[in-house]
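File shown: model-v1.tsv (TSV, C-alpha atoms).
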chain	number	residue	atom	x	y	z
P	943	MET	CA	11.88	36.80	52.41
P	944	GLU	CA	9.05	36.13	54.87
P	945	ASN	CA	6.50	35.64	52.08
P	946	SER	CA	8.91	33.36	50.23
P	947	THR	CA	9.51	31.25	53.34
P	948	LEU	CA	5.77	31.10	54.04
P	949	SER	CA	4.99	29.86	50.54
P	950	PHE	CA	7.73	27.23	50.34
P	951	TYR	CA	7.97	25.86	53.90
P	952	PHE	CA	5.65	24.46	56.53
P	953	ARG	CA	6.39	24.59	60.27
P	954	PHE	CA	5.53	21.81	62.71
P	955	THR	CA	4.13	23.29	65.93
P	956	MET	CA	3.83	20.15	68.06
P	957	PHE	CA	7.55	19.92	68.88
P	958	ALA	CA	7.45	23.11	70.94
P	959	ASN	CA	6.80	21.59	74.38
P	960	ILE	CA	9.11	18.55	74.17
P	961	GLY	CA	11.95	20.69	75.54
P	962	HIS	CA	14.64	18.88	77.54
P	963	TYR	CA	12.98	15.51	76.93
P	964	ARG	CA	13.80	15.60	73.23
P	965	PHE	CA	17.15	13.81	73.65
P	966	MET	CA	15.54	11.01	75.63
P	967	VAL	CA	12.73	10.75	73.05
P	968	PHE	CA	15.33	10.80	70.27
P	969	ILE	CA	17.30	7.87	71.76
P	970	PHE	CA	14.13	5.86	72.41
P	971	CYS	CA	12.76	6.42	68.89
P	972	LEU	CA	16.15	5.73	67.29
P	973	LEU	CA	16.38	2.38	69.07
P	974	LEU	CA	12.78	1.66	68.09
P	975	PHE	CA	13.55	2.48	64.45
P	976	ILE	CA	16.65	0.24	64.44
P	977	PHE	CA	14.71	-2.62	66.03
P	978	THR	CA	11.89	-2.20	63.49
P	979	ILE	CA	14.34	-2.33	60.58
P	980	PHE	CA	16.15	-5.36	62.00
P	981	THR	CA	13.09	-7.49	62.81
P	982	ASN	CA	11.30	-6.81	59.53
P	983	LEU	CA	14.44	-7.36	57.46
P	984	LEU	CA	14.91	-10.64	59.31
P	985	MET	CA	11.38	-11.72	58.40
P	986	ILE	CA	11.90	-10.85	54.73
P	987	VAL	CA	15.25	-12.66	54.53
P	988	VAL	CA	13.97	-15.78	56.31
P	989	ILE	CA	10.84	-16.06	54.16
P	990	SER	CA	12.72	-15.40	50.91
P	991	GLN	CA	15.55	-17.86	51.71
P	992	GLN	CA	13.51	-20.79	53.08
P	993	THR	CA	11.78	-22.65	50.26
P	994	THR	CA	9.39	-24.27	52.75
P	995	LEU	CA	7.99	-20.79	53.44
P	996	HIS	CA	7.21	-20.01	49.80
P	997	GLU	CA	3.49	-20.29	50.42
P	998	PRO	CA	0.78	-17.60	50.08
P	999	MET	CA	0.41	-16.91	53.80
P	1000	TYR	CA	4.16	-16.39	54.33
P	1001	ILE	CA	4.50	-14.29	51.17
P	1002	PHE	CA	1.79	-11.98	52.50
P	1003	ILE	CA	3.61	-11.79	55.86
P	1004	ALA	CA	6.73	-10.71	53.96
P	1005	CYS	CA	4.62	-8.03	52.26
P	1006	LEU	CA	3.64	-6.71	55.70
P	1007	SER	CA	7.32	-6.47	56.61
P	1008	VAL	CA	8.17	-4.67	53.36
P	1009	ASN	CA	5.38	-2.19	54.05
P	1010	ALA	CA	6.62	-1.71	57.63
P	1011	LEU	CA	10.08	-0.82	56.31
P	1012	TYR	CA	8.50	1.57	53.81
P	1013	GLY	CA	6.33	3.35	56.37
P	1014	SER	CA	9.00	3.53	59.08
P	1015	SER	CA	11.54	4.95	56.61
P	1016	GLY	CA	9.01	7.58	55.58
P	1017	PHE	CA	8.39	8.72	59.16
P	1018	PHE	CA	11.33	8.13	61.51
P	1019	PRO	CA	14.29	9.84	59.75
P	1020	ARG	CA	12.46	13.15	59.44
P	1021	PHE	CA	10.98	12.87	62.94
P	1022	LEU	CA	14.39	12.12	64.47
P	1023	MET	CA	15.92	15.08	62.65
P	1024	ASP	CA	13.19	17.40	63.93
P	1025	LEU	CA	13.77	16.23	67.51
P	1026	LEU	CA	17.33	17.56	67.36
P	1027	SER	CA	16.46	20.69	65.38
P	1028	ASP	CA	15.47	24.10	66.72
P	1029	THR	CA	13.63	25.09	63.53
P	1030	HIS	CA	11.00	22.56	62.54
P	1031	LEU	CA	10.56	23.61	58.91
P	1032	ILE	CA	9.82	21.27	56.03
P	1033	SER	CA	9.66	22.22	52.37
P	1034	ARG	CA	6.45	21.75	50.41
P	1035	PRO	CA	7.85	18.97	48.15
P	1036	ALA	CA	9.22	17.12	51.18
P	1037	CYS	CA	5.93	17.56	53.02
P	1038	PHE	CA	3.81	16.16	50.19
P	1039	THR	CA	6.29	13.31	49.73
P	1040	GLN	CA	5.95	12.45	53.41
P	1041	ILE	CA	2.14	12.61	53.15
P	1042	TYR	CA	2.21	10.21	50.22
P	1043	VAL	CA	4.52	7.72	51.93
P	1044	ILE	CA	2.68	7.80	55.26
P	1045	TYR	CA	-0.81	7.52	53.79
P	1046	SER	CA	0.14	4.84	51.26
P	1047	TYR	CA	1.81	2.86	54.06
P	1048	ALA	CA	-1.34	3.02	56.19
P	1049	SER	CA	-3.58	2.05	53.25
P	1050	CYS	CA	-1.30	-0.77	52.07
P	1051	GLU	CA	-1.24	-2.24	55.57
P	1052	LEU	CA	-5.00	-2.63	55.46
P	1053	THR	CA	-5.14	-3.96	51.89
P	1054	VAL	CA	-2.44	-6.56	52.68
P	1055	LEU	CA	-4.39	-7.60	55.78
P	1056	SER	CA	-7.44	-7.93	53.50
P	1057	ILE	CA	-5.76	-10.36	51.11
P	1058	MET	CA	-4.45	-12.27	54.12
P	1059	ALA	CA	-8.04	-12.52	55.35
P	1060	TYR	CA	-9.06	-13.83	51.92
P	1061	ASP	CA	-6.28	-16.42	52.09
P	1062	ARG	CA	-7.46	-17.62	55.52
P	1063	TYR	CA	-11.08	-17.65	54.31
P	1064	ILE	CA	-10.20	-19.95	51.39
P	1065	ALA	CA	-8.05	-22.17	53.62
P	1066	VAL	CA	-10.81	-22.63	56.22
P	1067	CYS	CA	-14.05	-22.45	54.24
P	1068	LEU	CA	-12.90	-23.97	50.92
P	1069	PRO	CA	-9.92	-26.16	51.87
P	1070	LEU	CA	-10.31	-28.56	48.92
P	1071	HIS	CA	-10.04	-25.64	46.47
P	1072	TYR	CA	-7.18	-23.85	48.24
P	1073	HIS	CA	-4.35	-24.93	45.94
P	1074	THR	CA	-6.37	-24.26	42.79
P	1075	LYS	CA	-7.51	-20.81	43.94
P	1076	MET	CA	-4.35	-19.57	45.70
P	1077	THR	CA	-1.89	-20.18	42.88
P	1078	LEU	CA	1.34	-18.19	42.44
P	1079	LYS	CA	-0.34	-16.15	39.71
P	1080	THR	CA	-3.22	-15.28	42.04
P	1081	VAL	CA	-0.82	-14.35	44.85
P	1082	VAL	CA	1.08	-12.00	42.51
P	1083	LYS	CA	-2.16	-10.37	41.32
P	1084	LEU	CA	-3.47	-9.88	44.86
P	1085	THR	CA	-0.16	-8.46	46.07
P	1086	ALA	CA	0.02	-6.06	43.12
P	1087	LEU	CA	-3.56	-4.94	43.77
P	1088	ALA	CA	-2.79	-4.35	47.45
P	1089	TRP	CA	-0.02	-1.94	46.46
P	1090	ILE	CA	-1.40	-0.36	43.28
P	1091	LEU	CA	-4.85	0.60	44.58
P	1092	PRO	CA	-3.57	2.83	47.45
P	1093	ALA	CA	-0.67	4.17	45.35
P	1094	PHE	CA	-2.83	5.55	42.54
P	1095	SER	CA	-5.76	6.69	44.67
P	1096	LEU	CA	-3.50	8.67	47.01
P	1097	ALA	CA	-1.57	10.16	44.08
P	1098	ALA	CA	-4.85	11.56	42.71
P	1099	CYS	CA	-5.76	13.00	46.12
P	1100	LEU	CA	-2.35	14.66	46.58
P	1101	CYS	CA	-2.46	16.19	43.09
P	1102	LEU	CA	-5.55	18.10	44.20
P	1103	SER	CA	-3.94	19.17	47.49
P	1104	ALA	CA	-0.63	20.23	45.92
P	1105	THR	CA	-2.32	22.70	43.57
P	1106	LEU	CA	-4.12	24.60	46.35
P	1107	PRO	CA	-2.90	28.14	47.12
P	1108	LEU	CA	-2.12	28.27	50.84
P	1109	CYS	CA	-2.62	31.16	53.28
P	1110	GLY	CA	-0.75	29.65	56.22
P	1111	SER	CA	2.29	27.55	57.09
P	1112	GLU	CA	1.70	26.00	60.53
P	1113	ILE	CA	0.94	22.26	60.77
P	1114	HIS	CA	-0.33	21.14	64.18
P	1115	LYS	CA	1.32	17.73	63.97
P	1116	VAL	CA	4.76	16.11	64.26
P	1117	TYR	CA	4.49	15.03	60.62
P	1118	CYS	CA	2.74	16.21	57.47
P	1119	ALA	CA	-0.91	15.22	57.18
P	1120	ASN	CA	-3.12	15.98	54.21
P	1121	TRP	CA	-6.04	17.37	56.21
P	1122	ASN	CA	-3.77	19.82	58.08
P	1123	VAL	CA	-2.34	21.10	54.78
P	1124	VAL	CA	-5.73	21.40	53.05
P	1125	LYS	CA	-7.06	23.46	55.99
P	1126	LEU	CA	-4.40	26.09	55.17
P	1127	SER	CA	-5.94	26.72	51.75
P	1128	CYS	CA	-7.12	30.18	50.75
P	1129	LEU	CA	-9.89	28.66	48.61
P	1130	ASN	CA	-12.94	26.51	49.21
P	1131	THR	CA	-11.85	22.86	49.66
P	1132	ALA	CA	-15.19	21.11	49.06
P	1133	VAL	CA	-13.82	19.11	46.12
P	1134	ASN	CA	-10.82	17.96	48.17
P	1135	ASN	CA	-13.11	16.96	51.03
P	1136	VAL	CA	-15.38	14.89	48.76
P	1137	VAL	CA	-12.43	13.18	47.05
P	1138	GLY	CA	-10.82	12.52	50.42
P	1139	MET	CA	-14.05	10.99	51.72
P	1140	LEU	CA	-14.40	8.73	48.68
P	1141	LEU	CA	-10.78	7.58	48.96
P	1142	THR	CA	-11.24	6.92	52.67
P	1143	VAL	CA	-14.19	4.66	51.88
P	1144	ALA	CA	-12.28	2.89	49.08
P	1145	THR	CA	-8.98	2.34	50.91
P	1146	ILE	CA	-10.09	1.97	54.53
P	1147	PHE	CA	-13.74	1.09	55.05
P	1148	LEU	CA	-14.13	-1.39	52.18
P	1149	PRO	CA	-11.06	-3.47	53.25
P	1150	LEU	CA	-12.17	-3.16	56.88
P	1151	PHE	CA	-15.66	-4.49	56.20
P	1152	TYR	CA	-14.29	-7.23	53.96
P	1153	ILE	CA	-12.00	-8.48	56.74
P	1154	LEU	CA	-14.89	-8.51	59.19
P	1155	TYR	CA	-17.05	-10.36	56.64
P	1156	THR	CA	-14.43	-13.09	56.05
P	1157	TYR	CA	-14.03	-13.68	59.76
P	1158	LEU	CA	-17.76	-13.91	60.27
P	1159	ARG	CA	-17.79	-16.65	57.62
P	1160	ILE	CA	-14.86	-18.40	59.33
P	1161	VAL	CA	-16.60	-18.22	62.71
P	1162	ALA	CA	-19.79	-19.64	61.15
P	1163	ILE	CA	-17.84	-22.62	59.75
P	1164	CYS	CA	-16.05	-23.21	63.06
P	1165	TRP	CA	-19.32	-23.07	64.99
P	1166	LYS	CA	-20.46	-26.31	63.31
P	1167	SER	CA	-17.08	-28.08	63.42
P	1168	SER	CA	-15.21	-30.25	65.88
P	1169	ALA	CA	-12.97	-28.99	68.68
P	1170	GLU	CA	-9.88	-30.25	66.85
P	1171	PHE	CA	-10.81	-28.28	63.71
P	1172	LYS	CA	-11.46	-25.15	65.81
P	1173	GLY	CA	-8.01	-25.49	67.39
P	1174	LYS	CA	-6.31	-25.69	63.98
P	1175	VAL	CA	-8.25	-22.68	62.70
P	1176	LEU	CA	-7.40	-20.69	65.82
P	1177	GLU	CA	-3.70	-21.49	65.46
P	1178	SER	CA	-3.78	-20.48	61.80
P	1179	CYS	CA	-5.85	-17.31	62.11
P	1180	LEU	CA	-4.79	-15.94	65.50
P	1181	PRO	CA	-1.63	-14.06	64.32
P	1182	HIS	CA	-3.56	-12.32	61.56
P	1183	THR	CA	-6.40	-11.48	63.94
P	1184	ILE	CA	-3.97	-9.95	66.45
P	1185	SER	CA	-2.30	-7.91	63.67
P	1186	PHE	CA	-5.67	-6.65	62.48
P	1187	VAL	CA	-6.83	-5.69	65.99
P	1188	ILE	CA	-3.56	-3.88	66.77
P	1189	TYR	CA	-3.67	-1.99	63.49
P	1190	SER	CA	-7.34	-1.08	64.05
P	1191	ILE	CA	-6.57	0.29	67.52
P	1192	ALA	CA	-3.61	2.27	66.18
P	1193	GLY	CA	-5.77	3.65	63.35
P	1194	PHE	CA	-8.48	4.58	65.85
P	1195	PHE	CA	-5.98	6.62	67.87
P	1196	VAL	CA	-4.82	8.41	64.71
P	1197	VAL	CA	-8.45	9.30	63.93
P	1198	LEU	CA	-8.83	10.60	67.50
P	1199	SER	CA	-5.76	12.80	67.07
P	1200	PHE	CA	-7.32	14.29	63.91
P	1201	LEU	CA	-10.56	14.95	65.81
P	1202	PHE	CA	-8.62	16.78	68.50
P	1203	ASP	CA	-6.91	18.77	65.75
P	1204	MET	CA	-10.31	19.76	64.38
P	1205	LEU	CA	-11.42	20.87	67.85
P	1206	TYR	CA	-8.23	22.89	68.20
P	1207	MET	CA	-8.79	24.59	64.82
P	1208	GLN	CA	-12.39	25.34	65.77
P	1209	PHE	CA	-12.08	26.44	69.41
P	1210	GLY	CA	-8.35	27.03	69.94
P	1211	SER	CA	-8.09	24.91	73.12
P	1212	LYS	CA	-7.58	21.27	74.04
P	1213	GLU	CA	-8.53	19.09	76.95
P	1214	ILE	CA	-5.69	16.52	76.59
P	1215	PRO	CA	-1.90	16.85	77.01
P	1216	GLN	CA	0.04	17.59	73.85
P	1217	SER	CA	2.43	14.69	74.49
P	1218	PHE	CA	-0.47	12.22	74.54
P	1219	GLU	CA	-1.87	13.63	71.30
P	1220	ASN	CA	1.57	13.25	69.70
P	1221	PHE	CA	1.66	9.62	70.80
P	1222	MET	CA	-1.80	8.96	69.36
P	1223	ALA	CA	-0.76	10.43	66.02
P	1224	MET	CA	2.48	8.39	65.96
P	1225	GLU	CA	1.18	5.05	67.24
P	1226	ILE	CA	0.47	3.67	63.77
P	1227	PHE	CA	4.22	3.96	62.98
P	1228	LEU	CA	5.41	2.70	66.36
P	1229	ILE	CA	3.30	-0.34	67.23
P	1230	PRO	CA	2.29	-2.39	64.13
P	1231	PRO	CA	5.76	-2.44	62.44
P	1232	ILE	CA	7.30	-3.86	65.63
P	1233	ILE	CA	4.49	-6.12	66.81
P	1234	ASN	CA	3.82	-7.87	63.46
P	1235	PRO	CA	7.20	-9.63	63.06
P	1236	LEU	CA	7.15	-10.61	66.75
P	1237	ILE	CA	3.65	-12.07	66.45
P	1238	TYR	CA	4.39	-14.10	63.34
P	1239	GLY	CA	7.87	-15.04	64.54
P	1240	PHE	CA	6.62	-16.43	67.84
P	1241	LYS	CA	3.23	-17.85	66.85
P	1242	LEU	CA	4.03	-19.59	63.55
P	1243	THR	CA	6.27	-22.60	64.19
P	1244	GLN	CA	7.76	-22.70	60.69
P	1245	ILE	CA	8.99	-19.10	60.88
P	1246	GLN	CA	10.21	-19.58	64.43
P	1247	ASN	CA	12.23	-22.66	63.46
P	1248	SER	CA	13.67	-20.92	60.40
P	1249	VAL	CA	14.72	-17.89	62.46
Represent the structure from my file as structure tokens, please.
Amino acid sequence: MENSTLSFYFRFTMFANIGHYRFMVFIFCLLLFIFTIFTNLLMIVVISQQTTLHEPMYIFIACLSVNALYGSSGFFPRFLMDLLSDTHLISRPACFTQIYVIYSYASCELTVLSIMAYDRYIAVCLPLHYHTKMTLKTVVKLTALAWILPAFSLAACLCLSATLPLCGSEIHKVYCANWNVVKLSCLNTAVNNVVGMLLTVATIFLPLFYILYTYLRIVAICWKSSAEFKGKVLESCLPHTISFVIYSIAGFFVVLSFLFDMLYMQFGSKEIPQSFENFMAMEIFLIPPIINPLIYGFKLTQIQNSV
């Protein structure tokens, strides 16, 4: 029975010290989840119903909200259930499903931000060609690419991870993460590490550098333009810039939490509180899905008036 449980289930170890605070954390996260669902659904409904908002920029904003619903639904229900549970076990199929949803959410967020950066680049640097370049057909292709690229690349990565024989069952996280599962393997994981590195470059660093490149071009154009033009560009690009910065900070904290995990696996001790490490690992699901609809709702007049 023990060997069967070990082979079929994983156990989250980071819930151990929450103790009496778990009910308070549960209520807070439940309210956060409800607010996330409400605000992002509101954005999707408003943009889909208002014909004046059927423009590339607003369609991409709706894509961000769809992705926020997808990622939040892949994280919060399981996390809330574990807060109220005394046994934090998750089956292997459920664990790999959660990995896929969480990772594809994080990758799609960055690819959608990339096509939004491309949209702003065309609008600012090539304004006379905007309507010929950003057609409905182009918008559909870019949106499909933003979803398909992470979906297939992560599926290939998880196929490699799912076939590994595992010699352990403890995951030092509050959710399933691919690196934590791969580290439990009984075999050498060099192939998985190489594939994971290549996918990280393809789905994270390439979109990241492209966004930075587009904004450098936008800044170069603004540098030679009038104050009135700079004001219009700032008003147009500021919400996207804030979204990108917030997501980058959240992603940085997730990377830090993985580094602390690696130190824990190597040396068996940590210098930071467990609660803070949990927050760092969760921030990417807590902050961007809530902040994005508030930013676009308050900063863009057309959305604000429609709401």
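As for CA of Val1143 in chain P and CA of Ile1003 in chain P, they are spaced 24.6 Å apart.
Closest approach to Leu1068 in chain P among P:Lys1172, P:Lys1166, P:Arg1159, P:His1182: P:Arg1159, based on all atoms listed in the file.
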Any chance you could tabulate, as CSV, the residues of range 1077-1188 of chain P at most 9 Å from range 1221-1224 of chain P with each one's nearest atom pair and distance in Å to one decimal, using all atoms listed in the file, in chain and rising number order?
residue,atom,partner,partner_atom,distance
P:Lys1115,CA,P:Ala1223,CA,7.9
P:Val1116,CA,P:Ala1223,CA,8.1
P:Tyr1117,CA,P:Met1224,CA,8.8
- What lies within 9 Å of Ile1163 in chain P using all atoms listed in the file, ignoring chain neighbours under 4 positions off, as a count of residues only? 5
- Message: Given the point (-9.2, 0.0, 56.1) in the coordinates of this file, which residues lie within 10 Å, counting all atoms listed in the file, and how would they look as an NGL selection string?
- Response: :P and (1048-1053 or 1055-1056 or 1142-1153 or 1186 or 1189-1190 or 1193)
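Of note, CA of Glu1112 in chain P and CA of Leu1126 in chain P are spaced 8.1 Å apart.
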- Message: To one decimal place in Å, what is the distance between CA of Leu1091 in chain P and CA of Leu1108 in chain P?
- Response: 28.5 Å
- Query: Once you count all atoms listed in the file, which residues end up no further than 8 Å from (-1.2, 23.2, 50.6) in the file's frame, shown as a VMD selection string?
  - Reply: chain P and resid 1034 1103 to 1108 1123 to 1127
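Counting only C-alpha atoms, the residue from P:Met1023, P:Cys1037, P:Leu1180, P:Ala1010 that sits nearest to Cys971 in chain P is P:Met1023.
Across P:Ile979, P:Ile1245, P:Leu1140, P:Ile1160, the tightest approach to Leu995 in chain P is made by P:Ile1245 when counting only C-alpha atoms.
Nearest residue to Ile1001 in chain P among P:Leu1070, P:Ala1169, P:Met966, P:Val1081 is P:Val1081, counting only C-alpha atoms.
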- Message: Calculated over all atoms listed in the file, which of the candidates P:Ile1184, P:Val1175, P:Leu1022, P:Leu1084 has the smallest distance to Leu973 in chain P?
- Response: P:Leu1022
